[in-house]
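Asks: Sending over entry.tsv (TSV, C-alpha atoms and all ligand atoms).
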```tsv
chain	number	residue	atom	x	y	z
A	1	MET	CA	-12.67	-28.85	1.34
A	2	PRO	CA	-9.63	-26.55	1.20
A	3	LYS	CA	-10.39	-22.86	0.94
A	4	THR	CA	-9.40	-21.30	-2.36
A	5	VAL	CA	-7.08	-18.31	-2.54
A	6	LEU	CA	-6.35	-16.25	-5.65
A	7	VAL	CA	-3.09	-14.28	-5.47
A	8	THR	CA	-2.34	-11.58	-8.05
A	9	GLY	CA	1.16	-10.28	-8.77
A	10	ALA	CA	2.63	-13.79	-8.97
A	11	THR	CA	5.91	-12.48	-10.43
A	12	GLY	CA	6.36	-9.73	-7.81
A	13	GLN	CA	8.23	-9.80	-4.51
A	14	LEU	CA	5.23	-10.41	-2.31
A	15	GLY	CA	3.52	-12.82	-4.71
A	16	ARG	CA	6.69	-14.91	-4.88
A	17	SER	CA	7.14	-14.78	-1.12
A	18	ILE	CA	3.61	-16.12	-0.63
A	19	GLN	CA	4.37	-18.86	-3.18
A	20	SER	CA	7.42	-19.84	-1.11
A	21	ILE	CA	5.27	-20.66	1.92
A	22	ALA	CA	2.13	-21.89	0.14
A	23	GLN	CA	3.13	-25.55	0.20
A	24	ALA	CA	3.33	-25.40	4.00
A	25	HIS	CA	-0.43	-24.68	4.00
A	26	PRO	CA	-2.18	-27.61	2.31
A	27	GLU	CA	-5.46	-26.50	3.89
A	28	LEU	CA	-5.40	-23.58	1.42
A	29	GLU	CA	-5.62	-24.09	-2.33
A	30	PHE	CA	-3.64	-21.27	-3.92
A	31	THR	CA	-3.89	-20.01	-7.50
A	32	PHE	CA	-1.18	-17.51	-8.46
A	33	VAL	CA	-1.85	-15.31	-11.46
A	34	ASP	CA	0.59	-13.14	-13.37
A	35	ARG	CA	-0.12	-10.31	-15.78
A	36	SER	CA	-0.61	-12.70	-18.73
A	37	MET	CA	-3.35	-14.54	-16.81
A	38	MET	CA	-5.08	-11.48	-15.42
A	39	ASP	CA	-4.07	-8.02	-16.61
A	40	LEU	CA	-5.13	-5.48	-14.01
A	41	ALA	CA	-4.94	-2.71	-16.61
A	42	ASP	CA	-7.69	-4.47	-18.57
A	43	PRO	CA	-11.16	-4.74	-16.98
A	44	ALA	CA	-12.18	-7.52	-19.42
A	45	SER	CA	-9.20	-9.62	-18.36
A	46	ILE	CA	-10.09	-9.20	-14.66
A	47	ALA	CA	-13.73	-10.08	-15.34
A	48	ALA	CA	-12.80	-13.15	-17.40
A	49	ARG	CA	-10.57	-14.56	-14.65
A	50	LEU	CA	-13.11	-14.01	-11.88
A	51	GLU	CA	-15.95	-15.47	-13.98
A	52	MET	CA	-13.89	-18.57	-14.70
A	53	ASN	CA	-13.56	-19.40	-10.99
A	54	ARG	CA	-14.83	-18.16	-7.67
A	55	TYR	CA	-12.46	-17.89	-4.75
A	56	ASP	CA	-12.88	-17.75	-0.97
A	57	PHE	CA	-10.01	-15.25	-0.73
A	58	ILE	CA	-8.37	-12.83	-3.12
A	59	VAL	CA	-4.97	-11.38	-2.19
A	60	ASN	CA	-4.07	-8.44	-4.39
A	61	CYS	CA	-0.27	-8.17	-4.52
A	62	ALA	CA	-0.16	-6.69	-8.03
A	63	ALA	CA	0.43	-2.96	-8.40
A	64	HIS	CA	2.09	-0.29	-10.48
A	65	THR	CA	5.05	0.07	-8.08
A	66	ALA	CA	7.40	2.17	-10.21
A	67	VAL	CA	7.13	5.31	-8.10
A	68	ASP	CA	8.97	7.66	-10.47
A	69	LYS	CA	7.39	6.23	-13.63
A	70	ALA	CA	3.92	6.73	-12.16
A	71	GLU	CA	4.51	10.48	-12.47
A	72	SER	CA	4.71	10.22	-16.26
A	73	GLU	CA	2.11	7.45	-16.70
A	74	PRO	CA	-0.58	8.40	-14.19
A	75	GLU	CA	-3.43	6.88	-16.21
A	76	LEU	CA	-1.84	3.45	-16.27
A	77	ALA	CA	-1.01	3.72	-12.56
A	78	ASP	CA	-4.62	4.70	-11.89
A	79	ARG	CA	-5.99	1.74	-13.85
A	80	ILE	CA	-3.84	-0.74	-11.95
A	81	ASN	CA	-3.72	0.81	-8.46
A	82	HIS	CA	-7.24	2.22	-8.34
A	83	LEU	CA	-9.74	1.03	-10.97
A	84	ALA	CA	-8.61	-2.60	-10.86
A	85	VAL	CA	-8.93	-2.61	-7.07
A	86	LYS	CA	-12.45	-1.19	-7.39
A	87	GLN	CA	-13.39	-3.95	-9.82
A	88	LEU	CA	-11.75	-6.67	-7.69
A	89	ALA	CA	-13.57	-5.37	-4.61
A	90	GLU	CA	-16.97	-5.13	-6.29
A	91	THR	CA	-16.66	-8.61	-7.76
A	92	ALA	CA	-15.35	-10.05	-4.48
A	93	LYS	CA	-18.36	-8.54	-2.72
A	94	GLU	CA	-20.78	-10.11	-5.25
A	95	GLN	CA	-19.07	-13.47	-4.95
A	96	GLY	CA	-18.64	-13.42	-1.16
A	97	ALA	CA	-14.85	-13.52	-1.33
A	98	PHE	CA	-12.68	-11.93	1.39
A	99	LEU	CA	-10.28	-9.45	-0.23
A	100	ILE	CA	-6.84	-8.72	1.20
A	101	HIS	CA	-5.37	-5.72	-0.58
A	102	VAL	CA	-1.84	-4.41	-0.05
A	103	SER	CA	-1.25	-0.68	0.13
A	104	THR	CA	1.56	1.66	1.07
A	105	ASP	CA	3.08	4.10	3.54
A	106	TYR	CA	3.18	6.55	0.61
A	107	VAL	CA	-0.51	7.40	1.23
A	108	PHE	CA	0.82	9.69	4.01
A	109	ASP	CA	2.51	13.04	3.48
A	110	GLY	CA	5.42	12.25	5.81
A	111	CYS	CA	5.00	15.38	7.93
A	112	HIS	CA	4.12	13.45	11.10
A	113	TYR	CA	6.53	12.83	13.97
A	114	LYS	CA	5.37	9.51	15.46
A	115	PRO	CA	4.29	6.19	13.93
A	116	TYR	CA	1.21	6.65	11.74
A	117	GLU	CA	-1.96	5.05	13.09
A	118	GLU	CA	-4.32	3.47	10.55
A	119	ASP	CA	-6.86	6.28	10.80
A	120	HIS	CA	-4.38	9.16	10.50
A	121	PRO	CA	-5.39	11.54	7.68
A	122	THR	CA	-3.86	10.60	4.34
A	123	ASP	CA	-2.31	13.07	1.90
A	124	PRO	CA	0.01	11.46	-0.66
A	125	VAL	CA	2.89	13.48	-2.09
A	126	ASN	CA	3.23	11.52	-5.35
A	127	ARG	CA	1.07	9.90	-8.04
A	128	TYR	CA	1.82	6.36	-6.96
A	129	GLY	CA	0.59	7.17	-3.43
A	130	ALA	CA	-2.43	9.02	-4.79
A	131	THR	CA	-3.52	6.10	-6.98
A	132	LYS	CA	-2.97	3.62	-4.15
A	133	LEU	CA	-5.14	5.78	-1.90
A	134	LEU	CA	-7.92	5.85	-4.50
A	135	GLY	CA	-7.71	2.05	-4.60
A	136	GLU	CA	-8.11	1.88	-0.81
A	137	ARG	CA	-11.11	4.20	-0.90
A	138	ALA	CA	-12.80	2.28	-3.72
A	139	MET	CA	-12.36	-0.93	-1.76
A	140	GLN	CA	-13.85	0.62	1.37
A	141	GLN	CA	-16.80	2.03	-0.59
A	142	SER	CA	-17.53	-1.31	-2.27
A	143	GLY	CA	-18.77	-2.85	0.99
A	144	VAL	CA	-16.55	-5.91	0.50
A	145	SER	CA	-15.34	-7.85	3.54
A	146	GLY	CA	-11.62	-7.62	3.65
A	147	ALA	CA	-8.45	-6.02	4.89
A	148	ILE	CA	-6.20	-3.31	3.55
A	149	ILE	CA	-2.62	-3.88	4.71
A	150	ARG	CA	-0.37	-0.86	4.31
A	151	THR	CA	3.31	-1.70	4.28
A	152	SER	CA	6.59	0.10	3.56
A	153	TRP	CA	9.99	-0.27	1.91
A	154	VAL	CA	9.47	-3.90	0.81
A	155	TYR	CA	12.53	-5.95	-0.15
A	156	SER	CA	13.25	-9.62	-0.69
A	157	GLU	CA	15.49	-12.06	-2.49
A	158	PHE	CA	13.09	-11.76	-5.45
A	159	GLY	CA	12.72	-9.12	-8.14
A	160	SER	CA	14.20	-5.67	-7.78
A	161	ASN	CA	14.32	-3.61	-4.60
A	162	PHE	CA	16.55	-1.26	-2.61
A	163	VAL	CA	18.66	-4.09	-1.10
A	164	LYS	CA	19.46	-5.56	-4.49
A	165	THR	CA	20.14	-2.12	-5.95
A	166	MET	CA	22.62	-1.40	-3.13
A	167	LEU	CA	24.36	-4.76	-3.63
A	168	ARG	CA	24.69	-4.08	-7.36
A	169	LEU	CA	25.87	-0.47	-7.03
A	170	GLY	CA	28.09	-1.32	-4.06
A	171	ALA	CA	29.93	-3.90	-6.15
A	172	GLU	CA	30.50	-1.37	-8.93
A	173	ARG	CA	31.43	1.76	-6.96
A	174	ASP	CA	33.59	2.80	-4.00
A	175	LEU	CA	31.21	5.50	-2.83
A	176	LEU	CA	27.43	5.86	-2.83
A	177	THR	CA	25.38	8.83	-1.72
A	178	VAL	CA	22.15	7.84	0.00
A	179	ILE	CA	19.32	9.94	1.41
A	180	SER	CA	19.34	10.26	5.19
A	181	ASP	CA	16.31	12.50	5.73
A	182	GLN	CA	13.65	9.98	4.69
A	183	VAL	CA	12.87	7.73	7.64
A	184	GLY	CA	10.73	4.60	7.67
A	185	THR	CA	10.97	0.86	8.24
A	186	PRO	CA	12.01	-1.79	5.74
A	187	THR	CA	9.71	-4.78	5.37
A	188	TYR	CA	10.98	-8.23	4.44
A	189	ALA	CA	8.37	-9.61	2.02
A	190	ALA	CA	8.66	-13.06	3.65
A	191	ASP	CA	7.44	-11.60	6.98
A	192	LEU	CA	4.51	-9.85	5.30
A	193	ALA	CA	3.66	-13.02	3.35
A	194	GLN	CA	3.49	-14.95	6.64
A	195	ALA	CA	1.25	-12.29	8.20
A	196	ILE	CA	-1.13	-12.48	5.23
A	197	VAL	CA	-1.38	-16.27	5.35
A	198	THR	CA	-1.98	-16.11	9.12
A	199	MET	CA	-4.75	-13.59	8.54
A	200	ILE	CA	-6.37	-15.95	6.01
A	201	GLU	CA	-6.16	-18.85	8.44
A	202	GLN	CA	-7.74	-16.77	11.18
A	203	ARG	CA	-10.54	-15.84	8.84
A	204	VAL	CA	-11.07	-19.51	7.89
A	205	ALA	CA	-11.33	-20.38	11.59
A	206	SER	CA	-13.81	-17.59	12.31
A	207	ALA	CA	-15.58	-15.69	9.54
A	208	ASP	CA	-17.34	-13.22	11.85
A	209	GLN	CA	-15.75	-10.01	10.66
A	210	THR	CA	-17.52	-8.07	7.99
A	211	GLY	CA	-16.44	-4.72	6.59
A	212	CYS	CA	-13.01	-3.62	5.56
A	213	GLU	CA	-10.38	-2.91	8.17
A	214	VAL	CA	-7.05	-1.13	7.60
A	215	PHE	CA	-3.85	-2.55	9.11
A	216	HIS	CA	-0.23	-1.43	9.09
A	217	PHE	CA	2.60	-3.92	8.72
A	218	SER	CA	6.36	-3.39	8.51
A	219	ASN	CA	9.27	-4.85	10.42
A	220	GLU	CA	10.07	-3.33	13.82
A	221	GLY	CA	12.49	-0.44	14.27
A	222	ALA	CA	13.22	2.64	12.20
A	223	CYS	CA	15.95	3.84	9.88
A	224	SER	CA	16.74	6.16	7.01
A	225	TRP	CA	17.59	4.85	3.55
A	226	TYR	CA	21.20	5.77	4.46
A	227	ASP	CA	21.09	3.62	7.64
A	228	PHE	CA	19.56	0.81	5.61
A	229	ALA	CA	22.38	0.97	3.03
A	230	VAL	CA	25.08	1.04	5.74
A	231	GLU	CA	23.59	-2.05	7.40
A	232	ILE	CA	23.43	-3.91	4.07
A	233	PHE	CA	27.13	-3.28	3.39
A	234	ASP	CA	28.11	-4.11	7.00
A	235	LEU	CA	26.28	-7.42	6.93
A	236	MET	CA	27.73	-8.30	3.53
A	237	ASP	CA	31.27	-7.21	4.53
A	238	MET	CA	31.43	-4.88	1.54
A	239	ASP	CA	33.69	-1.86	1.84
A	240	CYS	CA	31.64	0.54	-0.26
A	241	GLN	CA	31.54	3.93	1.50
A	242	VAL	CA	28.12	5.49	2.03
A	243	LYS	CA	27.71	9.24	2.29
A	244	PRO	CA	24.49	10.59	3.84
A	245	ILE	CA	22.78	13.28	1.79
A	246	PRO	CA	19.53	15.24	2.06
A	247	ALA	CA	16.74	14.37	-0.40
A	248	THR	CA	17.31	17.76	-2.03
A	249	GLU	CA	20.64	16.42	-3.34
A	250	TYR	CA	18.98	13.37	-4.97
A	251	PRO	CA	16.34	14.80	-7.28
A	252	THR	CA	13.75	12.30	-8.55
A	253	PRO	CA	10.56	12.75	-10.62
A	254	ALA	CA	8.43	11.71	-7.62
A	255	LYS	CA	8.65	13.25	-4.16
A	256	ARG	CA	8.93	10.78	-1.26
A	257	PRO	CA	7.61	11.32	2.28
A	258	HIS	CA	10.26	12.30	4.84
A	259	PHE	CA	8.70	10.16	7.54
A	260	SER	CA	6.68	7.01	7.10
A	261	LEU	CA	6.90	4.94	10.27
A	262	LEU	CA	3.78	2.84	10.70
A	263	SER	CA	2.19	1.91	14.02
A	264	LYS	CA	1.68	-1.85	14.05
A	265	GLN	CA	-0.30	-2.27	17.26
A	266	ARG	CA	-3.49	-3.24	15.46
A	267	ILE	CA	-2.04	-6.01	13.32
A	268	LYS	CA	0.03	-7.39	16.21
A	269	ALA	CA	-3.14	-7.62	18.31
A	270	GLN	CA	-5.00	-9.21	15.38
A	271	LEU	CA	-2.32	-11.81	14.62
A	272	GLY	CA	-1.34	-12.37	18.24
A	273	THR	CA	2.34	-12.38	17.29
A	274	GLY	CA	5.34	-10.10	17.39
A	275	ILE	CA	7.14	-8.86	14.29
A	276	PRO	CA	10.91	-9.26	13.75
A	277	HIS	CA	13.21	-6.21	13.88
A	278	TRP	CA	14.27	-5.00	10.43
A	279	LYS	CA	17.95	-5.78	11.06
A	280	HIS	CA	17.11	-9.36	11.97
A	281	SER	CA	15.01	-9.88	8.84
A	282	LEU	CA	17.58	-8.17	6.63
A	283	LYS	CA	20.13	-10.74	7.80
A	284	ARG	CA	17.78	-13.58	6.81
A	285	CYS	CA	17.18	-12.06	3.39
A	286	LEU	CA	20.89	-11.47	2.73
A	287	GLN	CA	21.55	-15.09	3.66
A	288	LYS	CA	19.00	-16.18	1.02
A	289	ILE	CA	20.64	-13.89	-1.55
A	290	LYS	CA	24.07	-15.39	-0.74
A	291	GLU	CA	22.64	-18.90	-1.15
A	292	GLN	CA	21.14	-17.92	-4.52
A	293	ASN	CA	24.48	-16.50	-5.64
A	294	ASN	CA	26.35	-19.64	-4.55
A	295	GLY	CA	23.78	-22.03	-6.00
A	301	LIG	N1	7.82	-2.65	-3.17
A	301	LIG	C1	7.64	-1.84	-2.14
A	301	LIG	O1	8.58	-1.23	-1.63
A	301	LIG	C2	6.29	-1.66	-1.55
A	301	LIG	C3	5.17	-2.27	-2.08
A	301	LIG	N2	3.93	-2.02	-1.54
A	301	LIG	C4	2.77	-2.67	-2.10
A	301	LIG	O2	2.91	-4.06	-1.86
A	301	LIG	C5	2.34	-4.80	-2.94
A	301	LIG	C6	3.34	-5.81	-3.45
A	301	LIG	O3	4.48	-5.11	-3.90
A	301	LIG	P1	5.77	-5.85	-4.46
A	301	LIG	O4	5.56	-7.33	-4.48
A	301	LIG	O5	6.94	-5.29	-3.77
A	301	LIG	O6	5.74	-5.31	-5.94
A	301	LIG	P2	6.59	-5.73	-7.21
A	301	LIG	O7	6.91	-4.48	-7.93
A	301	LIG	O8	7.67	-6.67	-6.82
A	301	LIG	O9	5.53	-6.55	-8.05
A	301	LIG	C7	4.42	-5.95	-8.62
A	301	LIG	C8	3.61	-7.03	-9.27
A	301	LIG	O10	2.48	-6.40	-9.91
A	301	LIG	C9	2.37	-6.94	-11.20
A	301	LIG	N3	1.69	-6.06	-12.13
A	301	LIG	C10	2.03	-4.80	-12.52
A	301	LIG	N4	1.18	-4.37	-13.45
A	301	LIG	C11	0.27	-5.36	-13.64
A	301	LIG	C12	-0.86	-5.51	-14.48
A	301	LIG	N5	-1.24	-4.56	-15.32
A	301	LIG	N6	-1.57	-6.65	-14.40
A	301	LIG	C13	-1.20	-7.64	-13.56
A	301	LIG	N7	-0.14	-7.56	-12.76
A	301	LIG	C14	0.59	-6.44	-12.80
A	301	LIG	C15	3.81	-7.16	-11.64
A	301	LIG	O11	3.83	-7.99	-12.76
A	301	LIG	P3	5.03	-7.91	-13.84
A	301	LIG	O12	6.15	-8.71	-13.26
A	301	LIG	O13	4.44	-8.52	-15.06
A	301	LIG	O14	5.37	-6.45	-14.02
A	301	LIG	C16	4.36	-7.79	-10.36
A	301	LIG	O15	4.02	-9.14	-10.28
A	301	LIG	C17	1.87	-3.76	-3.94
A	301	LIG	O16	0.52	-3.51	-3.72
A	301	LIG	C18	2.65	-2.52	-3.60
A	301	LIG	O17	1.96	-1.33	-3.92
A	301	LIG	C19	3.76	-1.21	-0.47
A	301	LIG	C20	4.82	-0.60	0.11
A	301	LIG	C21	6.18	-0.81	-0.35
A	302	LIG	C1	19.55	3.95	-5.67
A	302	LIG	C2	19.55	5.06	-4.65
A	302	LIG	C3	18.37	5.47	-4.06
A	302	LIG	N1	18.37	6.47	-3.16
A	302	LIG	C4	17.10	6.88	-2.52
A	302	LIG	C5	15.97	7.28	-3.45
A	302	LIG	C6	14.75	6.99	-2.61
A	302	LIG	O1	14.44	8.14	-1.84
A	302	LIG	C7	15.20	5.86	-1.72
A	302	LIG	C8	14.63	4.52	-2.08
A	302	LIG	O2	14.72	4.31	-3.46
A	302	LIG	P1	13.80	3.31	-4.23
A	302	LIG	O3	13.69	3.78	-5.61
A	302	LIG	O4	14.27	1.92	-3.95
A	302	LIG	O5	12.47	3.48	-3.41
A	302	LIG	P2	10.98	3.79	-3.75
A	302	LIG	O6	10.67	3.37	-5.12
A	302	LIG	O7	10.62	5.15	-3.34
A	302	LIG	O8	10.38	2.77	-2.71
A	302	LIG	C9	9.02	2.80	-2.45
A	302	LIG	O9	8.39	1.87	-3.30
A	302	LIG	C10	6.99	1.92	-3.22
A	302	LIG	C11	6.44	0.84	-4.15
A	302	LIG	C12	6.45	1.93	-1.85
A	302	LIG	O10	5.28	1.64	-1.64
A	302	LIG	C13	7.28	2.53	-0.75
A	302	LIG	O11	6.99	1.99	0.52
A	302	LIG	C14	8.75	2.47	-1.00
A	302	LIG	O12	9.29	1.19	-0.73
A	302	LIG	O13	16.62	5.80	-1.78
A	302	LIG	C15	19.55	7.12	-2.80
A	302	LIG	O14	19.55	8.05	-1.98
A	302	LIG	N2	20.73	6.73	-3.38
A	302	LIG	C16	20.79	5.72	-4.30
A	302	LIG	O15	21.88	5.39	-4.82
```
Since I need it in another form, could you write the structure as structure tokens?
Ligand SMILES: NC(=O)C1=CN([C@@H]2O[C@H](COP(=O)(O)OP(=O)(O)OC[C@H]3O[C@@H](n4cnc5c(N)ncnc54)[C@H](OP(=O)(O)O)[C@@H]3O)[C@@H](O)[C@H]2O)C=CC1
Ligand SMILES: Cc1cn([C@H]2C[C@H](O)[C@@H](COP(=O)(O)OP(=O)(O)O[C@H]3O[C@@H](C)C(=O)[C@@H](O)[C@H]3O)O2)c(=O)[nH]c1=O
Replies:
Amino acid sequence: MPKTVLVTGATGQLGRSIQSIAQAHPELEFTFVDRSMMDLADPASIAARLEMNRYDFIVNCAAHTAVDKAESEPELADRINHLAVKQLAETAKEQGAFLIHVSTDYVFDGCHYKPYEEDHPTDPVNRYGATKLLGERAMQQSGVSGAIIRTSWVYSEFGSNFVKTMLRLGAERDLLTVISDQVGTPTYAADLAQAIVTMIEQRVASADQTGCEVFHFSNEGACSWYDFAVEIFDLMDMDCQVKPIPATEYPTPAKRPHFSLLSKQRIKAQLGTGIPHWKHSLKRCLQKIKEQNNG
């Protein structure tokens, strides 16, 4: 019997990246749900979906990810990023499902100077990060078996993200100003999707682990948003100029951490694999975007 896997956030970057590799895993029976099938802002909708079917695994890729908007709609962000995770975790615990929940580097304040370990104290600087942290805590308190995977700066050929924004703006303008004093690591959603599916397969092979462990996953390496933009234009042979600026010159409703490198030792040991460097994965993603544009 194949193991059943419910994936939320079917229309998002990570949900779509998992869908892209799902057919290569016939031993897993995936169900992808979008907002119309399970609205995380509505407890009745979550309950109805989980009563209809029971799953061996739930992968929660859905979230309120609009970082600036979360400042002006904190209640909605809380419902989706916190209360829905609590409900998913409590129901998964009752039903014996293993819950993989995706969280963010924005749970940290960004005042550290070396890659954040999983147990480093959290202290979010914006509402999005605060609601995501509450979601993590609710999951840990529920007693569900599962994993929280914190990631950072996710991009892909799907949906909207920094890479696509740069490509759009770079085609329209000769000069862009991009923040150079926020440092982190981009994450290609396809690489994270693969890590999640590998984690599920490992769990299918050996269901020993109980409790809820936190992992960090991003690509390897480090850069600022400015470095990221420069690399995008280099790889795409675009001659848009990029000027580095401090965050103080790019005011936004939400503050962002200045430093959010994540230590990935734990997940690499767990998966038994390496992780590609961000520049390598960026090249793969840009190739996909070019193919989409030509097709
Ligand atoms: N994007 C990033 O840079 C980062 C993301 N993360 C985390 O990774 C995970 C995946 O992110 P990513 O794929 O990039 O996010 P996206 O913004 O691409 O997708 C978010 C998904 O959540 C869905 N969603 C939003 N509100 C609801 C709701 N009320 N009910 C049901 N679904 C809803 C969206 O649906 P719809 O299309 O209908 O809006 C969409 O499918 C999230 O947990 C996020 O917090 C962590 C670090 C960085
Ligand atoms: C468009 C643009 C952005 N920026 C800056 C603003 C910001 O600090 C940074 C990235 O902008 P974005 O709005 O794409 O990024 P942001 O929404 O902050 O991205 C975050 O999303 C959430 C969901 C996460 O969990 C984080 O890991 C992170 O990926 O680049 C510029 O400096 N110049 C520009 O022209």
Asks: Using only C-alpha atoms and all ligand atoms, find each residue in chain A having at least one atom no more than 8 Å away from ligand LIG 301 (chain A); report its shortest atom-to-atom pair and that distance in Å (one decimal), rows by chain then rising number, as a tab-separated table.
Replies:
```
residue	atom	partner	partner_atom	distance
A:Thr8	CA	A:LIG301	N7	6.6
A:Gly9	CA	A:LIG301	O15	3.4
A:Ala10	CA	A:LIG301	O15	5.0
A:Thr11	CA	A:LIG301	O15	3.8
A:Gly12	CA	A:LIG301	O9	3.3
A:Gln13	CA	A:LIG301	O4	3.6
A:Leu14	CA	A:LIG301	O4	3.8
A:Gly15	CA	A:LIG301	O4	5.9
A:Arg16	CA	A:LIG301	O4	7.7
A:Val33	CA	A:LIG301	C13	8.0
A:Asp34	CA	A:LIG301	N7	5.7
A:Arg35	CA	A:LIG301	C13	3.6
A:Ser36	CA	A:LIG301	C13	7.3
A:Met37	CA	A:LIG301	C13	7.9
A:Met38	CA	A:LIG301	C13	5.8
A:Asp39	CA	A:LIG301	N6	3.6
A:Leu40	CA	A:LIG301	N6	3.8
A:Ala41	CA	A:LIG301	N5	4.3
A:Asp42	CA	A:LIG301	N5	7.2
A:Asn60	CA	A:LIG301	O16	6.8
A:Cys61	CA	A:LIG301	C6	4.4
A:Ala62	CA	A:LIG301	O10	3.3
A:Ala63	CA	A:LIG301	O10	4.3
A:His64	CA	A:LIG301	C10	5.0
A:Thr65	CA	A:LIG301	O7	4.9
A:Ala66	CA	A:LIG301	O7	7.0
A:Ile80	CA	A:LIG301	N5	5.7
A:Asn81	CA	A:LIG301	O17	7.6
A:His101	CA	A:LIG301	O16	7.0
A:Val102	CA	A:LIG301	O16	4.5
A:Ser103	CA	A:LIG301	C4	5.0
A:Thr104	CA	A:LIG301	C19	3.9
A:Asp105	CA	A:LIG301	C20	6.1
A:Tyr106	CA	A:LIG301	C20	7.4
A:Lys132	CA	A:LIG301	O17	7.0
A:Arg150	CA	A:LIG301	C19	6.3
A:Thr151	CA	A:LIG301	C20	4.6
A:Ser152	CA	A:LIG301	C20	3.9
A:Trp153	CA	A:LIG301	O1	3.9
A:Val154	CA	A:LIG301	O1	3.7
A:Tyr155	CA	A:LIG301	O1	6.3
A:Phe158	CA	A:LIG301	O8	7.6
A:Gly159	CA	A:LIG301	O8	5.8
A:Ser160	CA	A:LIG301	O8	6.7
A:Asn161	CA	A:LIG301	N1	6.7
A:Thr187	CA	A:LIG301	C21	7.8
A:Ala189	CA	A:LIG301	O5	7.4
```
Asks: Using all atoms listed in the file, which of the listed residues (A:Thr248, A:Val144, A:Cys285, A:Lys255) sits closest to Met236 in chain A?
Replies: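 Of A:Thr248, A:Val144, A:Cys285, A:Lys255, the one nearest Met236 in chain A, counting all atoms listed in the file, is A:Cys285.
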Asks: Give the centre and edge lengths of an axis-aligned box, in Å to one decimal, that holds all listed atoms of ligand LIG 302 (chain A) with 8 Å on each side, as lines of an AutoDock Vina configuration file.
Replies:
```
center_x = 13.6
center_y = 4.5
center_z = -2.6
size_x = 32.6
size_y = 23.3
size_z = 22.2
```
Asks: Name all residues at most 7 Å from range 126-128 of chain A (count only C-alpha atoms; drop same-chain ones fewer than 6 positions away) and give them as a list in words.
Replies: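 The filter keeps Val67, Ala70, Glu71, Pro74, Ala77, Ala254 and Lys255 of chain A.
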Asks: Quote the spacing between CA of Arg49 in chain A and CA of Lys86 in chain A in Å to one decimal place.
Replies: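 According to the coordinates, CA of Arg49 in chain A and CA of Lys86 in chain A are separated by 15.3 Å.
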Asks: What is the distance, in Å and to one decimal place, between CA of Asp237 in chain A and CA of Trp225 in chain A?
Replies: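 Between CA of Asp237 in chain A and CA of Trp225 in chain A the gap works out to 18.3 Å.
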Asks: Nearest to Gln287 in chain A among A:Leu28, A:Cys240, A:Leu261, A:Ile232, with distances taken over all atoms listed in the file: which residue is it?
Replies: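 That would be A:Ile232, the residue with the smallest distance to Gln287 in chain A.
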Asks: Using all atoms listed in the file, determine which residues lie at most 12 Å from range 50-53 of chain A, disregarding the query and same-chain residues fewer than 4 positions distant; provide the list as a PyMOL selection string.
Replies: chain A and resi 4-8+31+33+37-40+43-46+57-58+87-95+97
Asks: Quick one: of A:Arg54, A:Lys243, A:His25, A:His112, who's nearest to ligand LIG 302 (chain A), counting only C-alpha atoms and all ligand atoms?
Replies: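 Of the candidates, the smallest distance to ligand LIG 302 (chain A) is held by A:Lys243.
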Asks: Rank A:Leu134, A:Ala195, A:Val183, A:Val59 by their smallest atom-to-atom distance to ligand LIG 302 (chain A), using only C-alpha atoms and all ligand atoms, and report the top residue only.
Replies: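 Smallest separation from ligand LIG 302 (chain A) among the options: A:Val183.
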Asks: Out of A:Val125, A:Val204, A:Ala247, A:Ala147, which residue has the shortest atom-to-atom distance to ligand LIG 302 (chain A) when counting all atoms listed in the file?
Replies: A:Ala247
Asks: Take range 238-246 of chain A, bring it up to N, CA and C atoms, and give me the output as a PDB file, in the coordinates of the input.
Replies:
```
ATOM      1  N   MET A 238      31.019  -5.596   2.756  1.00  0.00           N
ATOM      2  CA  MET A 238      31.430  -4.880   1.540  1.00  0.00           C
ATOM      3  C   MET A 238      32.009  -3.543   1.970  1.00  0.00           C
ATOM      4  N   ASP A 239      33.109  -3.117   1.354  1.00  0.00           N
ATOM      5  CA  ASP A 239      33.690  -1.860   1.840  1.00  0.00           C
ATOM      6  C   ASP A 239      33.322  -0.650   0.982  1.00  0.00           C
ATOM      7  N   CYS A 240      32.135  -0.647   0.446  1.00  0.00           N
ATOM      8  CA  CYS A 240      31.640   0.540  -0.260  1.00  0.00           C
ATOM      9  C   CYS A 240      31.316   1.622   0.787  1.00  0.00           C
ATOM     10  N   GLN A 241      31.819   2.812   0.577  1.00  0.00           N
ATOM     11  CA  GLN A 241      31.540   3.930   1.500  1.00  0.00           C
ATOM     12  C   GLN A 241      30.153   4.491   1.211  1.00  0.00           C
ATOM     13  N   VAL A 242      29.444   4.891   2.239  1.00  0.00           N
ATOM     14  CA  VAL A 242      28.120   5.490   2.030  1.00  0.00           C
ATOM     15  C   VAL A 242      28.129   6.887   2.623  1.00  0.00           C
ATOM     16  N   LYS A 243      27.750   7.851   1.802  1.00  0.00           N
ATOM     17  CA  LYS A 243      27.710   9.240   2.290  1.00  0.00           C
ATOM     18  C   LYS A 243      26.258   9.659   2.450  1.00  0.00           C
ATOM     19  N   PRO A 244      25.876  10.138   3.654  1.00  0.00           N
ATOM     20  CA  PRO A 244      24.490  10.590   3.840  1.00  0.00           C
ATOM     21  C   PRO A 244      24.247  11.917   3.141  1.00  0.00           C
ATOM     22  N   ILE A 245      23.130  12.019   2.465  1.00  0.00           N
ATOM     23  CA  ILE A 245      22.780  13.280   1.790  1.00  0.00           C
ATOM     24  C   ILE A 245      21.313  13.615   2.058  1.00  0.00           C
ATOM     25  N   PRO A 246      20.949  14.891   1.968  1.00  0.00           N
ATOM     26  CA  PRO A 246      19.530  15.240   2.060  1.00  0.00           C
ATOM     27  C   PRO A 246      18.829  14.914   0.743  1.00  0.00           C
TER      28      PRO A 246
END
```
